[in-house]
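Asks: Input: one structure, supplied below.
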2 protein chains.
Amino acid sequence: MGHTFPGACVPHGLVQLSPDTDTVPHNVDRVYQADAYRYCAGYQYDDKTIVGFSHTHLSGTGHSDLGDILIMPVTGDVKFNPGTADNPESGYRSRFSHNTEISRPGYYEVCLDDYRVKAQLTATERTGVHRYTFPNGEMQRILLDLTHGIYNYDGKVLWASLRVENETLITGYRITNGWARENYTYFAISFSKPITNYGYTDRETPKYVGFWRKFDLQNNFPEIAGRKIATRFDFDSNASAPLEIKVALSSVSTQGAIKNLQVETEGKSFDQIVAEASAKWEKELGRIEVTGNDAAKTMLYTSLYHTLINPSVYTDTDGQYRGIDHNIHQANGFTGYTVFSVWDTYRALHPLFNLINRECSADIARSMLAHYEQSVHKALPVWSHMGNENWCMIGYHSVSVLADAIDKGLDIDKKKALEAMISSSNIDYYDNTSDYKALGYVPFDKNRNSSSITLEYAYDDWTIYHTALKEGNSSVADIYRKRAMNYRNVFDPESQFVRARRSDGTWKVPFSLLNTSGEGFIEGNSWNYSFYVPHDVNGLITCMGGEKTFIRRLDSLFTMHLPDEFFAETEDVTREGVMGNYVHGNEPSHHIAYLYAWTSQPWKTQYRVREIMNQMYRNSMDGLCGNDDCGQMSAWYIFSAMGFYPVCPGSNQYVLGAPYFPYMKVELGEGKYLEIKADKVSDKTRYVKSVRVNGKPYAKAYITYDDIKNGAELTFEMSASPNKKRLFKEGEKPYSLSE
Amino acid sequence: MGHTFPGACVPHGLVQLSPDTDTVPHNVDRVYQADAYRYCAGYQYDDKTIVGFSHTHLSGTGHSDLGDILIMPVTGDVKFNPGTADNPESGYRSRFSHNTEISRPGYYEVCLDDYRVKAQLTATERTGVHRYTFPNGEMQRILLDLTHGIYNYDGKVLWASLRVENETLITGYRITNGWARENYTYFAISFSKPITNYGYTDRETPKYVGFWRKFDLQNNFPEIAGRKIATRFDFDSNASAPLEIKVALSSVSTQGAIKNLQVETEGKSFDQIVAEASAKWEKELGRIEVTGNDAAKTMLYTSLYHTLINPSVYTDTDGQYRGIDHNIHQANGFTGYTVFSVWDTYRALHPLFNLINRECSADIARSMLAHYEQSVHKALPVWSHMGNENWCMIGYHSVSVLADAIDKGLDIDKKKALEAMISSSNIDYYDNTSDYKALGYVPFDKNRNSSSITLEYAYDDWTIYHTALKEGNSSVADIYRKRAMNYRNVFDPESQFVRARRSDGTWKVPFSLLNTSGEGFIEGNSWNYSFYVPHDVNGLITCMGGEKTFIRRLDSLFTMHLPDEFFAETEDVTREGVMGNYVHGNEPSHHIAYLYAWTSQPWKTQYRVREIMNQMYRNSMDGLCGNDDCGQMSAWYIFSAMGFYPVCPGSNQYVLGAPYFPYMKVELGEGKYLEIKADKVSDKTRYVKSVRVNGKPYAKAYITYDDIKNGAELTFEMSASPNKKRLFKEGEKPYSLSE
């Protein structure tokens with residue numbers, strides 16, 4: 001259920017070239033259809049067949065899209081449809097075995113058993129590179145199915161077009177409708193051998209054919225277009241050398257795709273590109289050095305790998321890209337990124353980038369500002385990809401991403417950023433923002449996710465307050481300081497839980513703490529969501545009736561039993577993703593284990609975090625307990641392994657937990673390193689006895705970015721039992737808006 | 001049947017803003033459906049209702065397309081569908097009366113009776129400008145129906161998108177499939193008053209809605225998209241001032257449309273734009289001064305007007321445009337044009353431009369070369385519009401357009417032109433070019449238009465021969481001189497008519513001289529097409545058995561009776577468009593009346609041409625005898641009125657007929673003029689007694705471009721009876737490849 005894919009890509013590449021083991025059938029009409037969920041990344045390990053290799057994949061989402069430009073090497077008769085898993089012979093798909101699969105960063109290999117074709121894949125940022133070794137003497141044929149999409153349905157492809165430019169180069173594009181409402185994928189494909197024959201089928205009879213009737217369009221006619229196009233390209237069967245194919249993508253034009261192809265691959269052999277992809281990964285994965293057992297190290301690097309796929313590069317090599325207004329723009333002075341799953345990633349992924357991937361992170365912030373400038377709503381991204389806004393999930397959390405970028409000193413336009421943050425939080429027609437501003441909360445009778453939204457708006461507003469304060473804009477800061485306290489308006493004083501509230505101020509009756517559906521929450525019940533006040537934990541403790549109740553509630557969350565009927569309502573989570581009633585497979589609870597730091601029992605964080613890491617991240621094929629969510633699940637793991645976590649992104653603080661590994665060395669850039677030492681740490685020796693920073697004893701429950709940004713050494717003395725004397729006074733506890 | 005439109009445009013403007021009185025219904029599947037033909041230009045005089053005002057119209061075609069971006073001012077309840085002519089109340093269309101219609105160059109006015117709205121329209125090159133005066137106190141509403149198209153069917157609109165940028169500006173685009181296979185129309189619309197409310201309907205349920213469900217999309221949501229979108233915009237009912245709307249188009253982007261809007265209309269009132277449009281027409285129509293009776297003058301200026309609509313400007317004000325490869329290109333150093341109905345217009349329209357509109361003509365040639373460079377076929381335009389190739393009709397006649405441009409000294413890249421001409425004539429898969437090259441003719445068993453194609457290829461090849469000769473490339477000239485003689489291969493020696501011939505060399509049996517269908521011809525029967533050897537009339541005379549037969553055949557053509565059963569097979573022609581068996585409503589015969597010049601009876605040209613002008617061009621609502629064909633019918637009229645005609649475009653010669661008017665003064669540019677004097681000319685005094693050029697007696701059957709290009713005075717002495725002594729010796733007769 002991780003919804004990751006095994007194919008080849010480079011860090012943050014536009015191209016993710018990966019096998020699709022199935023897709024949502026063509027006759028599906030509703031988005032929540034089970035198969036649509038199952039095939040978010042195109043690959044399920046249990047499947048026995050591969051439909052083909054497509055060039056774009058989301059990593060870890062709960063919604064389906066992409067799977068653009070499918071290529072399948074075949075022999076024998078032409079079959080233009082994919083066939084079914086039950087009856088692979090009915091189409092062009094092939095059986096395969098995991099025994100022949102090799103998957104490593106930047107490289108994927110498999111044998112397509114039905115054709116006895118060895119498929120090897122690698123990639124550059126904007127190009128997928130294929131090498132197919134056919135059986136000796138067999139006809140070598142490539143299918144390029146422009147109807148294929150991971151989430152497919154009748155009418156998904158608005159238009160597709162293809163030109164055979166010469167005997168080794170084809171170009172084309174398709175415009176699709178889907179989760180991305182209007183997605184333009186241009187491509188340029190070069191072959192290592194000349195095409196001998198080619199043709200296509202159009203699964204739909206075009207309504208207007210006109211004088212194209214003049215031609216034998218189906219055979220060797222170099223201009224192919226339509227709504228449901230699948231094409232074939234034949235190559236000399238006598239040539240025993242493998243067929244190599246380079247497929248460059250662009251959001252701009254076929255010219256852009258050709259340029260990307262040339263800049264990134266011209267004159268390079270398949271093996272050379274594999275070596276370069278490997279080196280790129282080595283460089284990025286090498287930012288963290290770690291000692292520990294192999295399974296744990298594998299989990300750490302797998303996590304690091306998963307943080308480096310989305311967001312993905314979106315600009316062409318010359319800086320052009322298609323904006324949210326669907327016009328072509330030039331990114332001046334930055335590389336543009338796309339695939340912003342912000343509701344997930346504002347929590348830990350962007351903060352992680354701000355620590356170890358700062359150039360990329362600044363470009364992501366710049367991309368968000370460009371999105372804002374192009375948006376007719378004057379809104380920052382909510383869930384955007386490929387020049388589209390999907391509006392998925394809640395909040396306007398890009399304000400948090402920008403606040404954290406500014407707090408961590410990234411070189412972005414602060415004035416523009418604050419303007420964008422203010423604008424994004426004042427779009428009256430967006431998810432009851434006007435009600436929220438008028439009432440101080442989103443009323444349940446107007447929005448089924450009302451309480452979740454209120455809590456998250458309040459945190460988002462805190463990030464605007466915090467940024468305005470830093471930028472010296474006190475009038476704006478005042479407004480947003482007030483808005484940041486709105487979380488209190490959904491705290492039911494009777495139950496001391498967050499509860500659905502109506503426009504007239506009354507509370508929903510009856511009220512369930514465990515249901516997610518129908519209670520004003522999304523992807524989390526009241527038990528979990530009631531802890532979502534990351535910017536004012538002191539205030540939260542008060543709302544809950546004081547520290548004693550607060551600790552008891554935290555303890556219960558991890559230990560109580562969540563009956564199946566309520567588990568069924570959590571989304572995107574396996575049973576392993578739940579600990580008691582704590583749901584780690586979804587994001588709203590990711591900070592909760594760290595909340596003990598505000599209490600007199602901070603060692604419980606040390607215990608719980610390691611439990612979560614051991615139970616919910618496993619070095620096995622089904623090792624993730626829920627969708628990886630474009631790297632957020634993995635970023636949580638990396639922070640937690642380092643021994644701290646950004647509970648309140650935008651603030652300068654990381655709340656301390658305990659390191660997972662005896663030694664980590666983290667590259668911060670510009671030759672600076674963070675070393676984290678925890679000599680004797682193990683599952684048994686998981687408690688922190690004391691902490692030293694750069695050799696000096698350290699008495700706070702948090703460290704700040706400023707403490708470590710120029711390099712630092714954190715030394716944790718570990719022990720088998722909690723150090724209950726390591727308590728934090730006021731001023732040593734982490735940040736809270738209410739002191 | 002002229003298929004012209006009455007709306008507002010400026011010379012060669014991208015925008016033709018005109019009322020659509022009906023369209024092809026949405027459920028039509030076949031292109032030749034009667035209504036599709038009837039509404040090529042969107043307007044039929046007999047209709048009683050106006051559906052709305054759309055911004056793009058073809059002028060005089062026999063195929064339907066365009067009608068983009070329909071605007072209709074309405075009052076009362078919202079109706080999002082156009083309704084039917086029989087029951088206008090069923091939709092948003094309105095009744096109207098011709099009494100309220102005013103149509104003059106650059107301006108159109110009508111009253112929409114059902115809404116009591118006075119509609120006034122004008123235009124710039126790239127902007128349609130509307131002024132609507134509503135009844136006092138009535139709700140003012142604009143419908144913008146993005147599903148509307150002149151040729152419509154389910155699935156025509158591939159995608160449409162609209163943004164409300166602010167209260168007076170909307171932008172958007174739509175991508176359509178039709179005669180133009182893939183047409184991108186971007187727009188920017190500014191209103192003189194703020195929008196108070198707006199909304200839309202989508203006539204199709206989108207398959208994937210996603211999180212757009214969050215919003216109340218139907219009301220005041222500024223981002224609208226889908227396949228079948230119709231929108232409404234409301235304005236304050238109390239504001240009695242007229243509502244003015246400016247609609248700029250672009251093939252590039254909404255940014256491009258906004259820029260076009262600003263450059264062409266910013267700060268200009270409706271009245272000012274009307275005045276400017278009027279001045280532009282005055283300048284272009286003022287190139288010809290004429291004396292004569294009002295009806296004849298009206299016909300001349302109507303003709304001149306119709307030559308100045310298509311081709312149309314295609315580049316944005318900044319030179320960007322969408323190419324035939326659908327990528328965005330920059331026109332460097334020229335204005336790009338589109339709508340090339342080349343099979344029609346190579347005959348007289350481009351030669352006319354080369355005489356009186358040379359800058360525009362050079363840009364047209366440059367646009368054709370850009371098309372060639374972007375074409376995957378490496379082909380010059382056949383029938384192209386809006387970045388699409390429709391492949392309509394036969395031949396590769398752009399070679400003629402370029403040959404004539406070069407012959408007339410236009411400043412174009414001659415080397416590139418010759419390369420493009422050679423390439424376009426060697427595309428083996430294009431309309432049996434490979435068979436033509438192998439056999440010397442297109443065989444009837446492989447192509448139903450075989451003989452027409454052979455004759456036209458042979459002429460086209462002559463233009464390449466002629467150009468190569470001028471450019472000093474004798475090896476290419478030799479090849480094409482041979483190809484130019486291929487017309488002989490379809491001349492049946494027995495009948496001495498052109499006849500369908502099979503691959504094995506045998507002639508079709510039975511053989512009909514009068515049928516068009518099924519005999520190897522298109523838009524002309526053997527009687528007419530057998531005269532189509534414009535580059536080798538001497539050779540043609542020989543094929544027909546000598547001058548005596550040739551003259552007898554010419555005489556018969558104009559006087560014989562064409563029974564109804566055969567007339568029914570002529571396309572695009574009214575009964576008035578036929579004189580005997582001579583079909584003027586179609587193009588293949590346009591040169592025939594001038595062929596007497598090669599014989600001993602040249603005065604018959606003088607008689608026949610005036611007959612054709614009088615019968616087939618009438619100053620009445622149905623004054624054209626067939627589709628105007630993007631100006632070709634009208635260009636024929638203008639040349640013939642001047643007293644000469646380019647029988648063989650590409651050669652330097654115009655064959656002399658007789659002037660229609662006593663006096664014409666034609667501006668050649670750069671302060672040079674051609675004066676044509678024919679003092680006593682009238683229907684009775686239609687024969688030429690003698691000719692003087694610049695005062696000196698002139699003894700040839702033709703004049704050359706070089707004779708007149710620096711200005712000249714042609715004086716025709718007219719008489720009531722033919723001057724049978726005015727005969728032409730060898731050397732005085734017009735050009736023929738066979739001497």
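Identifiers in this document derive from the order of the structure tokens: chains are assigned A, B, ..., residues are numbered from 1 separately in each chain, and ligands are numbered from 1 in order of occurrence.
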For chain A against chain B, with a cut-off of 9 Å and counting only C-alpha atoms, what is the closest atom pair and its distance in Å to one decimal for every residue that makes the cut, ordered by chain and number, as a Markdown table?
Replies:
| residue | atom | partner | partner_atom | distance |
| --- | --- | --- | --- | --- |
| A:Asp29 | CA | B:Lys207 | CA | 6.1 |
| A:Arg30 | CA | B:Tyr208 | CA | 7.3 |
| A:Val31 | CA | B:Tyr208 | CA | 6.9 |
| A:Tyr153 | CA | B:Lys207 | CA | 7.6 |
| A:Asp154 | CA | B:Lys207 | CA | 8.0 |
| A:Gly155 | CA | B:Lys207 | CA | 7.6 |
| A:Lys156 | CA | B:Lys207 | CA | 7.9 |
| A:Leu158 | CA | B:Leu158 | CA | 5.6 |
| A:Trp159 | CA | B:Leu158 | CA | 7.1 |
| A:Arg163 | CA | B:Val376 | CA | 6.8 |
| A:Val164 | CA | B:Val376 | CA | 7.3 |
| A:Glu165 | CA | B:Val376 | CA | 6.0 |
| A:Asn166 | CA | B:Val376 | CA | 8.7 |
| A:Asn177 | CA | B:Tyr208 | CA | 7.5 |
| A:Gly178 | CA | B:Tyr208 | CA | 5.7 |
| A:Trp179 | CA | B:Gly210 | CA | 6.1 |
| A:Ala180 | CA | B:Gly210 | CA | 8.9 |
| A:Arg181 | CA | B:Tyr208 | CA | 8.0 |
| A:Glu182 | CA | B:Trp159 | CA | 8.5 |
| A:Lys207 | CA | B:Asp29 | CA | 6.2 |
| A:Tyr208 | CA | B:Gly178 | CA | 5.7 |
| A:Val209 | CA | B:Trp179 | CA | 7.7 |
| A:Gly210 | CA | B:Trp179 | CA | 6.2 |
| A:Phe211 | CA | B:Trp391 | CA | 5.4 |
| A:Trp212 | CA | B:Trp391 | CA | 6.7 |
| A:Lys214 | CA | B:Asp431 | CA | 6.6 |
| A:Phe215 | CA | B:Tyr430 | CA | 7.1 |
| A:Asp216 | CA | B:Tyr429 | CA | 8.1 |
| A:Phe221 | CA | B:Tyr429 | CA | 8.0 |
| A:Pro222 | CA | B:Val376 | CA | 6.9 |
| A:Glu223 | CA | B:Val376 | CA | 7.2 |
| A:Ala225 | CA | B:Arg181 | CA | 8.6 |
| A:Gly226 | CA | B:Arg181 | CA | 8.9 |
| A:Val252 | CA | B:Asn327 | CA | 8.4 |
| A:Ser253 | CA | B:Asn327 | CA | 5.7 |
| A:Thr254 | CA | B:Asn327 | CA | 6.9 |
| A:Gln255 | CA | B:Asn327 | CA | 7.1 |
| A:Asp325 | CA | B:Thr254 | CA | 8.4 |
| A:His326 | CA | B:Ser253 | CA | 8.1 |
| A:Asn327 | CA | B:Ser253 | CA | 5.7 |
| A:Ile328 | CA | B:Ser253 | CA | 7.8 |
| A:Val376 | CA | B:Glu165 | CA | 6.0 |
| A:His377 | CA | B:Pro222 | CA | 7.3 |
| A:Asn390 | CA | B:Phe211 | CA | 6.2 |
| A:Trp391 | CA | B:Phe211 | CA | 5.4 |
| A:Cys392 | CA | B:Phe211 | CA | 5.6 |
| A:Met393 | CA | B:Phe211 | CA | 8.0 |
| A:Tyr429 | CA | B:Phe215 | CA | 7.1 |
| A:Tyr430 | CA | B:Phe215 | CA | 7.1 |
| A:Asp431 | CA | B:Lys214 | CA | 6.6 |
Asks: What's the 6 Å shell around range 122-125 of chain B, counting only C-alpha atoms, without same-chain residues fewer than 6 positions away, as a tab-separated table (two decimals) with N, CA and C atoms, in the first residue's frame?
Replies:
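Output (around.tsv):
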chain	number	residue	atom	x	y	z
B	8	ALA	N	-18.17	42.03	-39.68
B	8	ALA	CA	-17.11	43.04	-39.68
B	8	ALA	C	-15.73	42.41	-39.63
B	9	CYS	N	-14.85	42.90	-40.49
B	9	CYS	CA	-13.44	42.52	-40.42
B	9	CYS	C	-12.63	43.63	-41.07
B	10	VAL	N	-11.32	43.57	-40.88
B	10	VAL	CA	-10.44	44.48	-41.61
B	10	VAL	C	-9.68	43.65	-42.64
B	13	GLY	N	-7.71	40.37	-41.85
B	13	GLY	CA	-7.74	40.20	-40.40
B	13	GLY	C	-7.91	38.74	-39.99
B	14	LEU	N	-7.35	38.41	-38.85
B	14	LEU	CA	-7.57	37.09	-38.25
B	14	LEU	C	-9.03	36.95	-37.81
B	106	GLY	N	-15.94	46.66	-42.50
B	106	GLY	CA	-15.50	46.95	-41.14
B	106	GLY	C	-16.61	47.23	-40.15
B	107	TYR	N	-17.85	47.12	-40.56
B	107	TYR	CA	-18.95	47.43	-39.65
B	107	TYR	C	-20.18	46.61	-39.99
B	274	VAL	N	-14.27	51.68	-35.31
B	274	VAL	CA	-15.05	51.68	-36.55
B	274	VAL	C	-14.38	52.58	-37.59
Asks: Run DSSP on the backbone and tell me which residues of range 10-241 of chain A come out as strand (DSSP E or B); list them as a VMD selection string.
Replies: chain A and resid 17 to 20 49 to 50 52 to 54 70 to 74 94 to 95 102 to 104 107 to 112 117 to 123 127 to 133 140 to 145 157 to 166 169 to 176 183 to 191 195 to 202 219 223 to 226 229 to 235
Asks: Can those selected residues be exported to a file as a JSON list (two decimals), in the first residue's frame so that it contains C-alpha atoms?
Replies:
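Result went into out.json, see below:
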[["chain", "number", "residue", "atom", "x", "y", "z"],
["A", 17, "LEU", "CA", 10.21, 5.01, -16.16],
["A", 18, "SER", "CA", 8.54, 2.02, -14.56],
["A", 19, "PRO", "CA", 6.55, -1.11, -15.37],
["A", 20, "ASP", "CA", 2.78, -0.84, -15.12],
["A", 49, "THR", "CA", 1.92, -9.52, -15.96],
["A", 50, "ILE", "CA", 3.47, -6.27, -17.16],
["A", 52, "GLY", "CA", 4.37, -1.99, -20.53],
["A", 53, "PHE", "CA", 6.76, 0.69, -19.38],
["A", 54, "SER", "CA", 5.40, 4.20, -18.97],
["A", 70, "LEU", "CA", 3.67, 3.58, -22.63],
["A", 71, "ILE", "CA", 6.22, 1.53, -24.52],
["A", 72, "MET", "CA", 6.10, -2.25, -24.83],
["A", 73, "PRO", "CA", 8.57, -4.39, -26.81],
["A", 74, "VAL", "CA", 6.84, -7.32, -28.49],
["A", 94, "SER", "CA", 3.47, -10.16, -20.99],
["A", 95, "ARG", "CA", 3.93, -12.46, -18.07],
["A", 102, "ILE", "CA", 16.49, -6.10, -10.73],
["A", 103, "SER", "CA", 15.58, -2.75, -9.21],
["A", 104, "ARG", "CA", 18.14, -0.31, -7.91],
["A", 107, "TYR", "CA", 18.02, 1.11, -13.03],
["A", 108, "TYR", "CA", 15.33, -1.52, -13.56],
["A", 109, "GLU", "CA", 15.51, -4.83, -15.36],
["A", 110, "VAL", "CA", 13.02, -7.59, -16.07],
["A", 111, "CYS", "CA", 12.43, -10.38, -18.56],
["A", 112, "LEU", "CA", 9.15, -10.22, -20.50],
["A", 117, "VAL", "CA", 12.64, -9.94, -24.31],
["A", 118, "LYS", "CA", 15.10, -8.65, -21.72],
["A", 119, "ALA", "CA", 14.07, -5.12, -20.74],
["A", 120, "GLN", "CA", 16.51, -2.73, -19.10],
["A", 121, "LEU", "CA", 15.51, 0.78, -18.10],
["A", 122, "THR", "CA", 17.35, 3.85, -16.87],
["A", 123, "ALA", "CA", 16.72, 7.59, -16.90],
["A", 127, "THR", "CA", 14.48, 11.18, -20.46],
["A", 128, "GLY", "CA", 13.58, 7.54, -20.05],
["A", 129, "VAL", "CA", 16.14, 5.22, -21.62],
["A", 130, "HIS", "CA", 15.24, 1.67, -22.68],
["A", 131, "ARG", "CA", 17.35, -1.24, -23.85],
["A", 132, "TYR", "CA", 15.51, -4.25, -25.22],
["A", 133, "THR", "CA", 17.30, -7.48, -26.13],
["A", 140, "GLN", "CA", 11.64, -6.59, -33.21],
["A", 141, "ARG", "CA", 8.62, -4.45, -32.56],
["A", 142, "ILE", "CA", 7.76, -1.60, -30.22],
["A", 143, "LEU", "CA", 4.23, -0.68, -29.27],
["A", 144, "LEU", "CA", 3.65, 2.92, -28.22],
["A", 145, "ASP", "CA", 0.16, 3.06, -26.77],
["A", 157, "VAL", "CA", -7.17, 11.31, -23.82],
["A", 158, "LEU", "CA", -8.43, 14.61, -25.22],
["A", 159, "TRP", "CA", -6.06, 14.42, -28.17],
["A", 160, "ALA", "CA", -2.89, 12.64, -29.17],
["A", 161, "SER", "CA", -0.55, 13.37, -32.04],
["A", 162, "LEU", "CA", 2.59, 11.78, -33.38],
["A", 163, "ARG", "CA", 5.07, 12.53, -36.17],
["A", 164, "VAL", "CA", 7.71, 10.26, -37.63],
["A", 165, "GLU", "CA", 10.38, 12.90, -38.17],
["A", 166, "ASN", "CA", 12.89, 10.52, -39.70],
["A", 169, "LEU", "CA", 13.17, 9.97, -34.46],
["A", 170, "ILE", "CA", 9.51, 10.38, -33.59],
["A", 171, "THR", "CA", 7.85, 13.25, -31.78],
["A", 172, "GLY", "CA", 4.39, 13.82, -30.43],
["A", 173, "TYR", "CA", 2.23, 14.70, -27.53],
["A", 174, "ARG", "CA", -0.99, 13.99, -25.82],
["A", 175, "ILE", "CA", -3.41, 16.10, -23.84],
["A", 176, "THR", "CA", -5.20, 14.21, -21.11],
["A", 183, "ASN", "CA", -2.18, 17.66, -18.79],
["A", 184, "TYR", "CA", 0.13, 18.26, -21.76],
["A", 185, "THR", "CA", 2.82, 15.63, -22.31],
["A", 186, "TYR", "CA", 5.09, 16.27, -25.30],
["A", 187, "PHE", "CA", 7.72, 13.73, -26.23],
["A", 188, "ALA", "CA", 10.65, 13.00, -28.52],
["A", 189, "ILE", "CA", 11.73, 9.40, -29.03],
["A", 190, "SER", "CA", 14.96, 8.31, -30.67],
["A", 191, "PHE", "CA", 15.71, 4.74, -31.69],
["A", 195, "ILE", "CA", 12.33, 2.00, -38.22],
["A", 196, "THR", "CA", 11.48, -0.34, -41.10],
["A", 197, "ASN", "CA", 7.68, -0.11, -40.92],
["A", 198, "TYR", "CA", 5.13, 1.52, -38.70],
["A", 199, "GLY", "CA", 1.43, 2.03, -38.30],
["A", 200, "TYR", "CA", -1.36, 2.65, -35.87],
["A", 201, "THR", "CA", -4.91, 2.02, -34.90],
["A", 202, "ASP", "CA", -7.49, 4.51, -33.70],
["A", 219, "ASN", "CA", 0.82, 2.27, -42.93],
["A", 223, "GLU", "CA", 1.51, 12.12, -39.22],
["A", 224, "ILE", "CA", -0.80, 10.30, -36.83],
["A", 225, "ALA", "CA", -3.42, 11.89, -34.61],
["A", 226, "GLY", "CA", -6.66, 11.11, -32.84],
["A", 229, "ILE", "CA", -4.24, 6.06, -30.85],
["A", 230, "ALA", "CA", -1.98, 3.05, -30.41],
["A", 231, "THR", "CA", 1.06, 2.74, -32.66],
["A", 232, "ARG", "CA", 3.62, 0.12, -33.68],
["A", 233, "PHE", "CA", 7.18, 0.47, -34.90],
["A", 234, "ASP", "CA", 9.04, -2.42, -36.51],
["A", 235, "PHE", "CA", 12.79, -2.91, -36.70]]
Asks: At a cut-off of 7 Å, using only C-alpha atoms, what residues contact Tyr529 in chain B? Leave out same-chain residues fewer than 5 positions from it and give the result as a ChimeraX atom specification.
Replies: /B:452,524,588
Asks: What does the structure give for the distance between CA of Asn449 in chain A and CA of Asn586 in chain A, in Å to one decimal?
Replies: 15.3 Å
Asks: Kindly give the distance, in Å, that separates CA of Gly2 in chain B and CA of His57 in chain B, rounded to a single decimal.
Replies: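 One can read the CA of Gly2 in chain B to CA of His57 in chain B distance as 13.2 Å.
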Asks: So that I can check the surroundings of Ala403 in chain B, please list as a VMD selection string every protein, DNA and RNA residue that reaches within 9 Å of it, counting only C-alpha atoms and ignoring chain neighbours fewer than 2 positions away.
Replies: chain B and resid 398 to 401 405 to 408 417 to 418 421 463 to 464 466 to 467 649 to 651
Asks: Which residues come within 9 Å of Gly292 in chain B, counting only C-alpha atoms, excluding same-chain residues fewer than 3 positions away, as number ranges by chain?
Replies: B: 295-297, 660-663
Asks: Please produce a file of the residues just selected, as an mmCIF file, in the first residue's frame, where the atoms kept are N, CA and C atoms.
Replies:
data_model
loop_
_atom_site.group_PDB
_atom_site.id
_atom_site.type_symbol
_atom_site.label_atom_id
_atom_site.label_comp_id
_atom_site.auth_asym_id
_atom_site.auth_seq_id
_atom_site.Cartn_x
_atom_site.Cartn_y
_atom_site.Cartn_z
ATOM 1 N N ALA B 295 -23.845 49.959 -60.592
ATOM 2 C CA ALA B 295 -23.952 48.520 -60.376
ATOM 3 C C ALA B 295 -22.631 47.838 -60.702
ATOM 4 N N ALA B 296 -22.013 48.237 -61.801
ATOM 5 C CA ALA B 296 -20.742 47.624 -62.196
ATOM 6 C C ALA B 296 -19.646 47.980 -61.206
ATOM 7 N N LYS B 297 -19.621 49.241 -60.771
ATOM 8 C CA LYS B 297 -18.619 49.647 -59.786
ATOM 9 C C LYS B 297 -18.809 48.885 -58.469
ATOM 10 N N TYR B 660 -13.399 46.232 -68.909
ATOM 11 C CA TYR B 660 -14.835 46.328 -68.685
ATOM 12 C C TYR B 660 -15.261 47.779 -68.516
ATOM 13 N N PHE B 661 -14.377 48.574 -67.940
ATOM 14 C CA PHE B 661 -14.728 49.959 -67.582
ATOM 15 C C PHE B 661 -14.024 50.957 -68.504
ATOM 16 N N PRO B 662 -14.621 52.117 -68.707
ATOM 17 C CA PRO B 662 -13.964 53.146 -69.542
ATOM 18 C C PRO B 662 -12.612 53.568 -68.965
ATOM 19 N N TYR B 663 -12.513 53.570 -67.626
ATOM 20 C CA TYR B 663 -11.259 54.045 -67.032
ATOM 21 C C TYR B 663 -10.994 53.322 -65.720
#
Asks: In Å, how far is it from CA of Val263 in chain B to CA of Glu167 in chain B?
Replies: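 Going from CA of Val263 in chain B over to CA of Glu167 in chain B covers 20.6 Å.
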Asks: According to DSSP computed on the backbone, where in range 296-417 of chain B is there helix (DSSP H, G or I)? Give the residues as a PyMOL selection string.
Replies: chain B and resi 296-306+342-345+349-356+358-374+398-407+414-417
